[in-house]
Amino acid sequence: MSLLDLVLLALVLLLSAALFLRRKGEDRAGEEAKAVLDAAREEAKVALEAARKEAKEILEAARHEAKALREEAEARAKALKAELEAELQRRTEAHELEAKKRFAEAEERLKAEREELKAERERLRSLQEELKAERERLKEEREELRREAERLSKRGEALDARALKLDALEEALSQKEAALKAKEAGLSEREKEIEKRLYQVAGLSPEEARRLILEKLDQELEEEKAQRVRAALEKVRLEARREAQKILAQAMQRQASETAAQLAVSVVPIPSDAMKGRIIGREGRNIRTFEALTGVDLIIDDTPEAVLLSSFNPVRREIARMALEELLKDGRIHPSRIEEVVEKAKQEMKTFIYERGEEAALEAGVVGLKPGLIQLLGRLHFRSSYGQNVLKHSVQVAHLTGIMAAELGLDAGLARRAGLLHDIGKSVDREVEGSHVEIGIALARRFGEPPEVIDAIAHHHDPENAETVYAVLVAAADALSAARPGARRESLEEYLQRLEALERIALSFPGVETAFAVQAGREVRVIVKPDKITDAKATLLAREIANRIEREMNYPGQVQVTVVRETRAVEYAK
């Protein structure tokens, strides 16, 4: 209990005693009040002593606590002072390091500036030296110009002297020319006298001599005419090539639409004309989705029970045909179904192309082809050349090349491989820029084909530049496959009639012994009688036969006329 509580308690007791005395009356008030007062005094005294003692203890405790707080504060102050001194020292060191770093950077910058200044001085010194050298060069050029002017002056004087000399020479030449004219007149008179004496010695009249000279001149002119015709033909060939390009361009422009319609359109039958509206769809959404997914134009016109698929890419056109037939069979035609069917058709087309490539390789007896090459080989199934399927043509060339290689003792497998892949560039020639030969070479190198195969692809159209015999065999097999009657949209009967007509035209000319139509009618070999046709006349004969073929026949491409004149001397030893 604190001192304040004790004092309050004593006051309460005194007040209680005073109230009690007021109530009991005056008689008992004195004694009881006295007793209560004495008790209160004693109790107050005791409480006062206790309060003093407690206050003393509290004061001592407060002094001790204040002393401890002061010591703690002093310790904290010392620690804070030490911490502040450490922080101050750290910051001082940091500032010193920063100052040193800045000083070092300043020194580096100053050093760099000094180096730059030094380099600038060196550059200025070199410029001064160059300027000095330029001045020396200009001085030398001025001196050279002065010497050149002196040389020109001297040369002008020499030319004047030479002009005088030339005038004298010209006068001398005039005199010599007059003398030569006089001599020429004398020679003409003498020539006439010699001619009269020759007529007298030869016993011929001037008319007979003129006739003999003209006959000889005709023979010489015949030779000269043949030579001039040959030169003119060379010139005409060069000019004809340019003109032929223009004619071919015009022909291609005129026939482009018909050819495109034949090669770029597929017809798909439909159950009824009512199906056309379902194919188009509401506001054309079905046909737009179909064309966007396939890349093929879907043409719906007045053709009864049929629609057209138009595209220059035969693979895309075939995918579109498969997808459209599936949609027509199923009957559900809407954008999501079209997307599903087109994707399915694309996967089926990949499988179909790979299977065609495998079948062709198996049929040709070629093994070890990489899957990518087999896929490209299968694409040739949808490629045609002059109406001939390129994949079947490649298989046929592979068989022919293998047979010829086996007969020559070469590697028949390698020969079949070269024959099968010789037109591989045609599989992507519509998508990649370049000729099918260049594309085929790049593909063969990419798939690691042997050098013999690459050489055959590169030179199957010009075997003269080939490096291996396989290229020559492939070129021969390619020509055989293309020259086969009926291979290029020509009936056997028309083919035979054209060959007979070529031989008949060649045999109708005098001096021709026999004629042969070879190379599927692309060349006519004419054998002439050497005693009736000279080498000069052979050129004229070839030109006349070619002109008549052009006038009387219709044929694809061009026909080469080759006139062969052969002389043989035969003797027997007995």
# chains A, B, ... in the order shown; residues from 1 in each chain; ligands from 1
$ select_by_dssp --residues "range 317-407 of chain A" --states "alpha helix (DSSP H)" --output "PyMOL selection string"
chain A and resi 317-330+335-364+371-379+390-407
$ atom_distance --atom1 "CA of Ala77 in chain A" --atom2 "CA of Ile58 in chain A"
27.2 Å
$ residues_around --residues "Glu544 in chain A" --least-positions-apart "3" --cutoff "12 Å" --atoms "only C-alpha atoms" --output "PDB file with C-alpha atoms, in the first residue's frame"
ATOM      1  CA  VAL A 229      23.522 -20.450-150.366  1.00  0.00           C
ATOM      2  CA  ILE A 505       9.289 -36.572-151.066  1.00  0.00           C
ATOM      3  CA  ALA A 506      13.027 -37.264-150.709  1.00  0.00           C
ATOM      4  CA  SER A 508      11.212 -37.747-155.904  1.00  0.00           C
ATOM      5  CA  PHE A 509      14.344 -35.643-156.516  1.00  0.00           C
ATOM      6  CA  PRO A 510      16.816 -36.702-159.258  1.00  0.00           C
ATOM      7  CA  LYS A 537      24.738 -29.521-155.014  1.00  0.00           C
ATOM      8  CA  ALA A 538      24.135 -31.564-151.847  1.00  0.00           C
ATOM      9  CA  THR A 539      23.528 -28.352-149.907  1.00  0.00           C
ATOM     10  CA  LEU A 540      21.040 -27.136-152.510  1.00  0.00           C
ATOM     11  CA  LEU A 541      19.307 -30.535-152.552  1.00  0.00           C
ATOM     12  CA  ASN A 547      11.222 -26.510-148.646  1.00  0.00           C
ATOM     13  CA  ARG A 548       8.997 -29.130-150.229  1.00  0.00           C
ATOM     14  CA  ILE A 549       8.378 -30.830-146.848  1.00  0.00           C
ATOM     15  CA  GLU A 550       7.365 -27.453-145.410  1.00  0.00           C
ATOM     16  CA  ARG A 551       4.929 -26.849-148.268  1.00  0.00           C
ATOM     17  CA  VAL A 561      17.103 -33.198-143.689  1.00  0.00           C
ATOM     18  CA  THR A 562      20.540 -34.828-143.924  1.00  0.00           C
ATOM     19  CA  VAL A 563      22.024 -35.474-147.381  1.00  0.00           C
TER      20      VAL A 563
END
$ residues_around --residues "Glu467 in chain A" --least-positions-apart "5" --cutoff "12 Å" --atoms "only C-alpha atoms" --output "PDB file with all heavy atoms, in the first residue's frame"
ATOM      1  N   PRO A 451      27.005 -39.784-108.182  1.00  0.00           N
ATOM      2  CA  PRO A 451      27.369 -38.830-109.256  1.00  0.00           C
ATOM      3  C   PRO A 451      26.868 -39.263-110.628  1.00  0.00           C
ATOM      4  O   PRO A 451      26.551 -38.415-111.459  1.00  0.00           O
ATOM      5  CB  PRO A 451      28.903 -38.803-109.193  1.00  0.00           C
ATOM      6  CG  PRO A 451      29.250 -39.268-107.818  1.00  0.00           C
ATOM      7  CD  PRO A 451      28.181 -40.235-107.416  1.00  0.00           C
ATOM      8  N   GLU A 452      26.813 -40.597-110.884  1.00  0.00           N
ATOM      9  CA  GLU A 452      26.335 -41.062-112.190  1.00  0.00           C
ATOM     10  C   GLU A 452      24.866 -40.665-112.409  1.00  0.00           C
ATOM     11  O   GLU A 452      24.478 -40.287-113.516  1.00  0.00           O
ATOM     12  CB  GLU A 452      26.477 -42.578-112.298  1.00  0.00           C
ATOM     13  CG  GLU A 452      27.913 -43.074-112.339  1.00  0.00           C
ATOM     14  CD  GLU A 452      28.530 -43.180-110.951  1.00  0.00           C
ATOM     15  OE1 GLU A 452      27.827 -42.857-109.973  1.00  0.00           O
ATOM     16  OE2 GLU A 452      29.699 -43.572-110.835  1.00  0.00           O
ATOM     17  N   VAL A 453      24.059 -40.746-111.334  1.00  0.00           N
ATOM     18  CA  VAL A 453      22.644 -40.368-111.441  1.00  0.00           C
ATOM     19  C   VAL A 453      22.514 -38.867-111.681  1.00  0.00           C
ATOM     20  O   VAL A 453      21.725 -38.415-112.525  1.00  0.00           O
ATOM     21  CB  VAL A 453      21.888 -40.790-110.167  1.00  0.00           C
ATOM     22  CG1 VAL A 453      20.443 -40.295-110.229  1.00  0.00           C
ATOM     23  CG2 VAL A 453      21.922 -42.301-110.009  1.00  0.00           C
ATOM     24  N   ILE A 454      23.299 -38.079-110.963  1.00  0.00           N
ATOM     25  CA  ILE A 454      23.257 -36.616-111.140  1.00  0.00           C
ATOM     26  C   ILE A 454      23.686 -36.238-112.554  1.00  0.00           C
ATOM     27  O   ILE A 454      23.083 -35.368-113.200  1.00  0.00           O
ATOM     28  CB  ILE A 454      24.148 -35.936-110.086  1.00  0.00           C
ATOM     29  CG1 ILE A 454      23.618 -36.225-108.679  1.00  0.00           C
ATOM     30  CG2 ILE A 454      24.239 -34.437-110.331  1.00  0.00           C
ATOM     31  CD1 ILE A 454      24.503 -35.716-107.570  1.00  0.00           C
ATOM     32  N   ASP A 455      24.718 -36.909-113.073  1.00  0.00           N
ATOM     33  CA  ASP A 455      25.180 -36.610-114.432  1.00  0.00           C
ATOM     34  C   ASP A 455      24.114 -36.986-115.463  1.00  0.00           C
ATOM     35  O   ASP A 455      23.918 -36.274-116.452  1.00  0.00           O
ATOM     36  CB  ASP A 455      26.477 -37.380-114.697  1.00  0.00           C
ATOM     37  CG  ASP A 455      27.065 -37.068-116.071  1.00  0.00           C
ATOM     38  OD1 ASP A 455      27.382 -35.889-116.317  1.00  0.00           O
ATOM     39  OD2 ASP A 455      27.178 -37.986-116.890  1.00  0.00           O
ATOM     40  N   ALA A 456      23.409 -38.108-115.233  1.00  0.00           N
ATOM     41  CA  ALA A 456      22.349 -38.512-116.163  1.00  0.00           C
ATOM     42  C   ALA A 456      21.199 -37.507-116.153  1.00  0.00           C
ATOM     43  O   ALA A 456      20.626 -37.187-117.201  1.00  0.00           O
ATOM     44  CB  ALA A 456      21.841 -39.902-115.795  1.00  0.00           C
ATOM     45  N   ILE A 457      20.838 -36.991-114.973  1.00  0.00           N
ATOM     46  CA  ILE A 457      19.783 -35.972-114.893  1.00  0.00           C
ATOM     47  C   ILE A 457      20.220 -34.704-115.617  1.00  0.00           C
ATOM     48  O   ILE A 457      19.437 -34.069-116.323  1.00  0.00           O
ATOM     49  CB  ILE A 457      19.440 -35.681-113.416  1.00  0.00           C
ATOM     50  CG1 ILE A 457      18.842 -36.929-112.750  1.00  0.00           C
ATOM     51  CG2 ILE A 457      18.476 -34.505-113.304  1.00  0.00           C
ATOM     52  CD1 ILE A 457      18.639 -36.778-111.257  1.00  0.00           C
ATOM     53  N   ALA A 458      21.496 -34.341-115.451  1.00  0.00           N
ATOM     54  CA  ALA A 458      21.996 -33.078-116.012  1.00  0.00           C
ATOM     55  C   ALA A 458      22.126 -33.125-117.521  1.00  0.00           C
ATOM     56  O   ALA A 458      21.948 -32.096-118.187  1.00  0.00           O
ATOM     57  CB  ALA A 458      23.335 -32.717-115.378  1.00  0.00           C
ATOM     58  N   HIS A 459      22.415 -34.295-118.100  1.00  0.00           N
ATOM     59  CA  HIS A 459      22.740 -34.341-119.529  1.00  0.00           C
ATOM     60  C   HIS A 459      21.873 -35.322-120.301  1.00  0.00           C
ATOM     61  O   HIS A 459      22.290 -35.826-121.340  1.00  0.00           O
ATOM     62  CB  HIS A 459      24.217 -34.726-119.707  1.00  0.00           C
ATOM     63  CG  HIS A 459      25.176 -33.757-119.098  1.00  0.00           C
ATOM     64  ND1 HIS A 459      25.797 -33.988-117.888  1.00  0.00           N
ATOM     65  CD2 HIS A 459      25.588 -32.531-119.517  1.00  0.00           C
ATOM     66  CE1 HIS A 459      26.581 -32.958-117.601  1.00  0.00           C
ATOM     67  NE2 HIS A 459      26.463 -32.065-118.563  1.00  0.00           N
ATOM     68  N   HIS A 460      20.651 -35.612-119.831  1.00  0.00           N
ATOM     69  CA  HIS A 460      19.833 -36.549-120.605  1.00  0.00           C
ATOM     70  C   HIS A 460      19.221 -35.881-121.838  1.00  0.00           C
ATOM     71  O   HIS A 460      18.597 -36.568-122.652  1.00  0.00           O
ATOM     72  CB  HIS A 460      18.738 -37.165-119.730  1.00  0.00           C
ATOM     73  CG  HIS A 460      17.657 -36.226-119.311  1.00  0.00           C
ATOM     74  ND1 HIS A 460      17.766 -35.412-118.211  1.00  0.00           N
ATOM     75  CD2 HIS A 460      16.434 -35.968-119.851  1.00  0.00           C
ATOM     76  CE1 HIS A 460      16.665 -34.709-118.077  1.00  0.00           C
ATOM     77  NE2 HIS A 460      15.831 -35.021-119.066  1.00  0.00           N
ATOM     78  N   ASP A 462      21.380 -33.451-123.516  1.00  0.00           N
ATOM     79  CA  ASP A 462      22.583 -33.172-124.324  1.00  0.00           C
ATOM     80  C   ASP A 462      23.689 -34.142-123.942  1.00  0.00           C
ATOM     81  O   ASP A 462      24.626 -33.805-123.234  1.00  0.00           O
ATOM     82  CB  ASP A 462      23.048 -31.716-124.139  1.00  0.00           C
ATOM     83  CG  ASP A 462      23.352 -31.395-122.699  1.00  0.00           C
ATOM     84  OD1 ASP A 462      22.802 -32.073-121.806  1.00  0.00           O
ATOM     85  OD2 ASP A 462      24.162 -30.484-122.452  1.00  0.00           O
ATOM     86  N   VAL A 472      24.444 -41.057-121.393  1.00  0.00           N
ATOM     87  CA  VAL A 472      24.179 -41.358-122.806  1.00  0.00           C
ATOM     88  C   VAL A 472      23.090 -42.423-122.930  1.00  0.00           C
ATOM     89  O   VAL A 472      22.191 -42.326-123.773  1.00  0.00           O
ATOM     90  CB  VAL A 472      25.474 -41.809-123.501  1.00  0.00           C
ATOM     91  CG1 VAL A 472      25.214 -42.110-124.966  1.00  0.00           C
ATOM     92  CG2 VAL A 472      26.558 -40.748-123.354  1.00  0.00           C
ATOM     93  N   LEU A 473      23.142 -43.436-122.060  1.00  0.00           N
ATOM     94  CA  LEU A 473      22.121 -44.490-122.093  1.00  0.00           C
ATOM     95  C   LEU A 473      20.754 -43.936-121.722  1.00  0.00           C
ATOM     96  O   LEU A 473      19.732 -44.297-122.339  1.00  0.00           O
ATOM     97  CB  LEU A 473      22.518 -45.619-121.131  1.00  0.00           C
ATOM     98  CG  LEU A 473      23.810 -46.377-121.470  1.00  0.00           C
ATOM     99  CD1 LEU A 473      24.065 -47.448-120.426  1.00  0.00           C
ATOM    100  CD2 LEU A 473      23.727 -46.999-122.858  1.00  0.00           C
TER     101      LEU A 473
END
$ residues_around --residues "Arg383 in chain A" --least-positions-apart "5" --cutoff "8 Å" --atoms "only C-alpha atoms" --output "list in words"
Pro314, Asn389, Val390, Leu391, Lys426 and Ser427 of chain A
$ write_last_selection --atoms "N, CA and C atoms" --output "mmCIF file, in the first residue's frame"
data_model
loop_
_atom_site.group_PDB
_atom_site.id
_atom_site.type_symbol
_atom_site.label_atom_id
_atom_site.label_comp_id
_atom_site.auth_asym_id
_atom_site.auth_seq_id
_atom_site.Cartn_x
_atom_site.Cartn_y
_atom_site.Cartn_z
ATOM 1 N N PRO A 314 -2.047 -30.133 -110.436
ATOM 2 C CA PRO A 314 -2.873 -31.343 -110.522
ATOM 3 C C PRO A 314 -3.084 -32.017 -109.180
ATOM 4 N N ASN A 389 2.224 -39.789 -119.615
ATOM 5 C CA ASN A 389 2.371 -39.758 -118.166
ATOM 6 C C ASN A 389 3.848 -39.865 -117.809
ATOM 7 N N VAL A 390 4.345 -38.895 -117.032
ATOM 8 C CA VAL A 390 5.784 -38.822 -116.772
ATOM 9 C C VAL A 390 6.250 -39.976 -115.888
ATOM 10 N N LEU A 391 5.406 -40.426 -114.941
ATOM 11 C CA LEU A 391 5.822 -41.535 -114.079
ATOM 12 C C LEU A 391 5.958 -42.823 -114.894
ATOM 13 N N LYS A 426 10.560 -32.586 -112.724
ATOM 14 C CA LYS A 426 9.217 -32.212 -113.182
ATOM 15 C C LYS A 426 8.178 -32.341 -112.076
ATOM 16 N N SER A 427 8.525 -32.985 -110.960
ATOM 17 C CA SER A 427 7.565 -33.148 -109.862
ATOM 18 C C SER A 427 7.279 -31.827 -109.161
#
